[in-house]
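In what follows, a single structure is set out as structure tokens and then discussed.
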Amino acid sequence: MADRVTVIGWDGSPLTAAARSALGAATLVAGAAHHLALPEVPPGAEAVRLGSVALAARRIAGHRGTAVVLADGDPAFFGVVRTLRAPEFGLEVEVVPAVSSVAAAFARAGMPWDDALVVVAHRRTLRRAVNVCRAHTKVAVLTSPGAGPAELGLLMEGVHRTFVICEELGTEREQVTVVTSDKAADHTWRDPNVVIVVGGTGAVADGPGWIAGRDPGAGPRGWTLPAESYGGLVGEGELEPLRAAQLARLGPRVGDLMWDIGCGSGAFATEAARAGAGVIAVDSDPRACGHTESNARTFGVQLQVVQGAAPHVLENLPEPDVVRVGGGGAAVVSAVADRRPQRIVTHAATRDAAELIGRDLTEHGYEVECALLQSVELDTRAWTEKERSVAFLLSGVLPERTT
């Protein structure tokens, strides 16, 4: 095993004395091509081109001597340090950090970033990164080949954002470009790059924050707020007890894309967006679309409203993770199930309608639960009944995709 392993971050500025000292004593140096070309790298040291970090870690673990790993920015922030410290390699490392590429990108843009979310986009995580950009007003995306600015722009169709694209930070070829998201696919971008995605209608912070990223305490306390919070316009299928039960079963979260079909007042869509999910709210009624947009603005959340009749309007929407069907019945639920979201919730007014929907979900491979949900609202001044609602609550979960 290597006698000593030092991980050095590089941001284009001159290396610190600690970094130069570690490099001078190295018998093995691992890094990208531009790292290995640095004049401080000892000519007699074994050079390992850093492609797969895991392969390099195995080589370092078997090396007898002093090893140095060079990486861009802060190697402890979405960097190589996590892999090198994995139990299978048994490496203890010292870290000499540099300015992270995210911090450098925001510095080039002249923007604060304590209120930004940071996501990593690989081919397998690109869709989730896009969903975060849909749901939040300031996001930094650490990209990778095949999951870069062009791919981000293509998948954000219908959502307007501004991209600040920072290519090859810290090098002589560094370039910062500002484009709208719909134009990002018209260019070829150099790797590595960081994309700052900004825009939307969120409220601007009026003072210093207390937590990095999205403030989880923003907005009114509580979930499934009463109808008055949404202008008193909620329909029968949007009443608070049903909304609460559906929200609990659906569990929308950061990185998800949720469809709300038959969004009505937008109460459910707004609450899912408050949970951090990307939301597409669908309704055939232009008044419902207007109410949804208005409520989203009131609560400072980001969502996309699509006017059209389901199931036809769903054909060109991006793939959902979870779906609430607030209207349309069995035909719409069946069309949604064809798209294979992880979870589906809906409701029915009668047992026969619930059974029809439940059978269809089962035939699509979903595990189905159904409950008769009855709520009675009481006037606490006289303890008399004010309103009674009854609905069959249905939820479907794909067994192979339970998370």
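Residues in the structure tokens are numbered from 1 in each chain, the chains being A, B, ... in the order shown, and ligands are numbered from 1 in the order shown.
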
query: Where in range 75-148 of chain A does DSSP assign alpha helix (DSSP H), given as a list in words?
result: Val80, Val81, Arg82, Thr83, Leu84, Ser101, Val102, Ala103, Ala104, Ala105, Phe106, Ala107, Arg108, Ala109, Leu126, Arg127, Arg128, Ala129, Val130, Asn131, Val132, Cys133, Arg134 and Ala135 of chain A

Per-residue nearest contacts of range 112-155 of chain A to range 211-228 of chain A (10 Å; only C-alpha atoms) as a tab-separated table:
residue	atom	partner	partner_atom	distance
A:Trp113	CA	A:Gly213	CA	8.0
A:Asp114	CA	A:Ala212	CA	4.9
A:Asp115	CA	A:Gly213	CA	4.3
A:Ala116	CA	A:Gly213	CA	4.7
A:Leu117	CA	A:Gly213	CA	4.8
A:Val118	CA	A:Gly213	CA	8.0
A:His136	CA	A:Arg214	CA	8.0
A:Thr137	CA	A:Arg214	CA	9.3
A:Lys138	CA	A:Gly213	CA	8.7
A:Val139	CA	A:Gly213	CA	8.8

field: Test item: residues at most 12 Å from Val164 in chain A, only C-alpha atoms, excluding those fewer than 3 positions along its chain, as a ChimeraX atom specification
entry: /A:102,105-111,138-141,149,153,161,167,175-181,183-184,193-199

task: Within 8 Å of range 38-43 of chain A, counting only C-alpha atoms, which residues show up once you throw out same-chain ones fewer than 5 positions away? Write them as a list in words, please.
output: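 Answer for this query is Arg20, Leu23, Gly24, Ala26, Thr27 and Val29 of chain A.
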
Applying 10 Å and only C-alpha atoms, which residues near Leu155 in chain A remain after dropping the ones on its own chain fewer than 5 positions away? List them as a compact mmCIF listing (two decimals) with C-alpha atoms, in the first residue's frame.
# COMPACT_ATOMS: atom_id res chain seq x y z
CA LEU A 126 -29.59 13.47 -16.37
CA ARG A 127 -33.38 13.25 -16.15
CA VAL A 130 -33.42 18.27 -15.33
CA ASN A 131 -36.31 17.79 -12.89
CA ARG A 134 -37.60 22.53 -13.50
CA ALA A 150 -27.30 20.61 -25.05
CA SER A 181 -32.27 27.04 -22.43
CA ASP A 182 -33.98 26.57 -25.81
CA ALA A 185 -28.77 22.53 -28.13
CA PRO A 318 -41.57 13.83 -20.54

- request: Rounded to one decimal place, report the CA of Arg274 in chain A-CA of Leu317 in chain A distance in Å.
  value: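 So the answer is 21.2 Å.
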
- request: Find the residues near range 238-247 of chain A: any atom within 10 Å, counting only C-alpha atoms, skip ones fewer than 4 places away on the same chain, and give them as a PyMOL selection string.
  value: chain A and resi 223-227+233-234+251-252+263-269+271-272+275+324+326+344-347+373-377+389-395

task: Looking only at strand (DSSP E) from DSSP on the backbone, list the matching residues of range 267-328 of chain A as a list in words.
output: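 Those in range 267-328 of chain A that DSSP calls strand (DSSP E) are Gly278, Val279, Ile280, Ala281, Val282, Asp283, Gln304, Val305, Val306, Gln307, Val322, Val323, Arg324 and Val325 of chain A.
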
Preceding selection exported with N, CA, C and O atoms as a PDB file, in the first residue's frame:
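Written output follows (part-v9.pdb):
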ATOM      1  N   GLY A 278     -40.337  18.407  -9.564  1.00  0.00           N
ATOM      2  CA  GLY A 278     -40.744  19.066 -10.790  1.00  0.00           C
ATOM      3  C   GLY A 278     -42.168  18.662 -11.104  1.00  0.00           C
ATOM      4  O   GLY A 278     -42.537  17.494 -10.933  1.00  0.00           O
ATOM      5  N   VAL A 279     -42.997  19.598 -11.545  1.00  0.00           N
ATOM      6  CA  VAL A 279     -44.430  19.329 -11.708  1.00  0.00           C
ATOM      7  C   VAL A 279     -44.902  19.813 -13.070  1.00  0.00           C
ATOM      8  O   VAL A 279     -44.576  20.931 -13.498  1.00  0.00           O
ATOM      9  N   ILE A 280     -45.668  18.956 -13.746  1.00  0.00           N
ATOM     10  CA  ILE A 280     -46.424  19.352 -14.928  1.00  0.00           C
ATOM     11  C   ILE A 280     -47.895  19.193 -14.581  1.00  0.00           C
ATOM     12  O   ILE A 280     -48.355  18.086 -14.292  1.00  0.00           O
ATOM     13  N   ALA A 281     -48.622  20.311 -14.573  1.00  0.00           N
ATOM     14  CA  ALA A 281     -50.049  20.314 -14.241  1.00  0.00           C
ATOM     15  C   ALA A 281     -50.846  20.371 -15.538  1.00  0.00           C
ATOM     16  O   ALA A 281     -50.599  21.233 -16.386  1.00  0.00           O
ATOM     17  N   VAL A 282     -51.802  19.465 -15.688  1.00  0.00           N
ATOM     18  CA  VAL A 282     -52.561  19.328 -16.934  1.00  0.00           C
ATOM     19  C   VAL A 282     -54.046  19.514 -16.650  1.00  0.00           C
ATOM     20  O   VAL A 282     -54.586  18.943 -15.693  1.00  0.00           O
ATOM     21  N   ASP A 283     -54.701  20.300 -17.495  1.00  0.00           N
ATOM     22  CA  ASP A 283     -56.158  20.412 -17.400  1.00  0.00           C
ATOM     23  C   ASP A 283     -56.692  20.892 -18.741  1.00  0.00           C
ATOM     24  O   ASP A 283     -56.036  21.671 -19.446  1.00  0.00           O
ATOM     25  N   GLN A 304     -44.974  23.681 -14.512  1.00  0.00           N
ATOM     26  CA  GLN A 304     -45.357  23.889 -15.906  1.00  0.00           C
ATOM     27  C   GLN A 304     -46.821  23.523 -16.068  1.00  0.00           C
ATOM     28  O   GLN A 304     -47.243  22.445 -15.627  1.00  0.00           O
ATOM     29  N   VAL A 305     -47.597  24.396 -16.671  1.00  0.00           N
ATOM     30  CA  VAL A 305     -49.015  24.138 -16.891  1.00  0.00           C
ATOM     31  C   VAL A 305     -49.241  23.842 -18.365  1.00  0.00           C
ATOM     32  O   VAL A 305     -48.788  24.589 -19.243  1.00  0.00           O
ATOM     33  N   VAL A 306     -49.915  22.737 -18.640  1.00  0.00           N
ATOM     34  CA  VAL A 306     -50.221  22.316 -20.010  1.00  0.00           C
ATOM     35  C   VAL A 306     -51.729  22.203 -20.148  1.00  0.00           C
ATOM     36  O   VAL A 306     -52.378  21.445 -19.419  1.00  0.00           O
ATOM     37  N   GLN A 307     -52.294  22.965 -21.077  1.00  0.00           N
ATOM     38  CA  GLN A 307     -53.730  22.883 -21.318  1.00  0.00           C
ATOM     39  C   GLN A 307     -54.005  21.861 -22.415  1.00  0.00           C
ATOM     40  O   GLN A 307     -53.400  21.882 -23.486  1.00  0.00           O
ATOM     41  N   VAL A 322     -44.014   9.978 -10.757  1.00  0.00           N
ATOM     42  CA  VAL A 322     -45.246   9.752 -10.014  1.00  0.00           C
ATOM     43  C   VAL A 322     -46.348  10.573 -10.672  1.00  0.00           C
ATOM     44  O   VAL A 322     -46.089  11.620 -11.258  1.00  0.00           O
ATOM     45  N   VAL A 323     -47.588  10.074 -10.562  1.00  0.00           N
ATOM     46  CA  VAL A 323     -48.713  10.732 -11.240  1.00  0.00           C
ATOM     47  C   VAL A 323     -49.936  10.734 -10.327  1.00  0.00           C
ATOM     48  O   VAL A 323     -50.270   9.714  -9.717  1.00  0.00           O
ATOM     49  N   ARG A 324     -50.583  11.885 -10.269  1.00  0.00           N
ATOM     50  CA  ARG A 324     -51.917  11.969  -9.662  1.00  0.00           C
ATOM     51  C   ARG A 324     -52.918  12.188 -10.783  1.00  0.00           C
ATOM     52  O   ARG A 324     -52.756  13.099 -11.601  1.00  0.00           O
ATOM     53  N   VAL A 325     -53.930  11.348 -10.825  1.00  0.00           N
ATOM     54  CA  VAL A 325     -55.003  11.509 -11.803  1.00  0.00           C
ATOM     55  C   VAL A 325     -56.205  12.067 -11.050  1.00  0.00           C
ATOM     56  O   VAL A 325     -56.876  11.358 -10.305  1.00  0.00           O
TER      57      VAL A 325
END

query: Near Val333 in chain A, within 12 Å and counting only C-alpha atoms, which residues show up once chain neighbours fewer than 5 positions away are dropped, as a ChimeraX atom specification?
result: /A:259-262,310-311,314,323-328,338-341,343-348,353-354,356-364,366,394-396

- request: Go ahead and compute the interatomic distance for CA of Asn295 in chain A and CA of Tyr230 in chain A, in Å to one decimal.
  value: 6.3 Å

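The nearest approach to Ala54 in chain A among the residues A:Ala67, A:Thr188, A:Ala32, A:Leu84, with only C-alpha atoms taken into account, belongs to A:Leu84.
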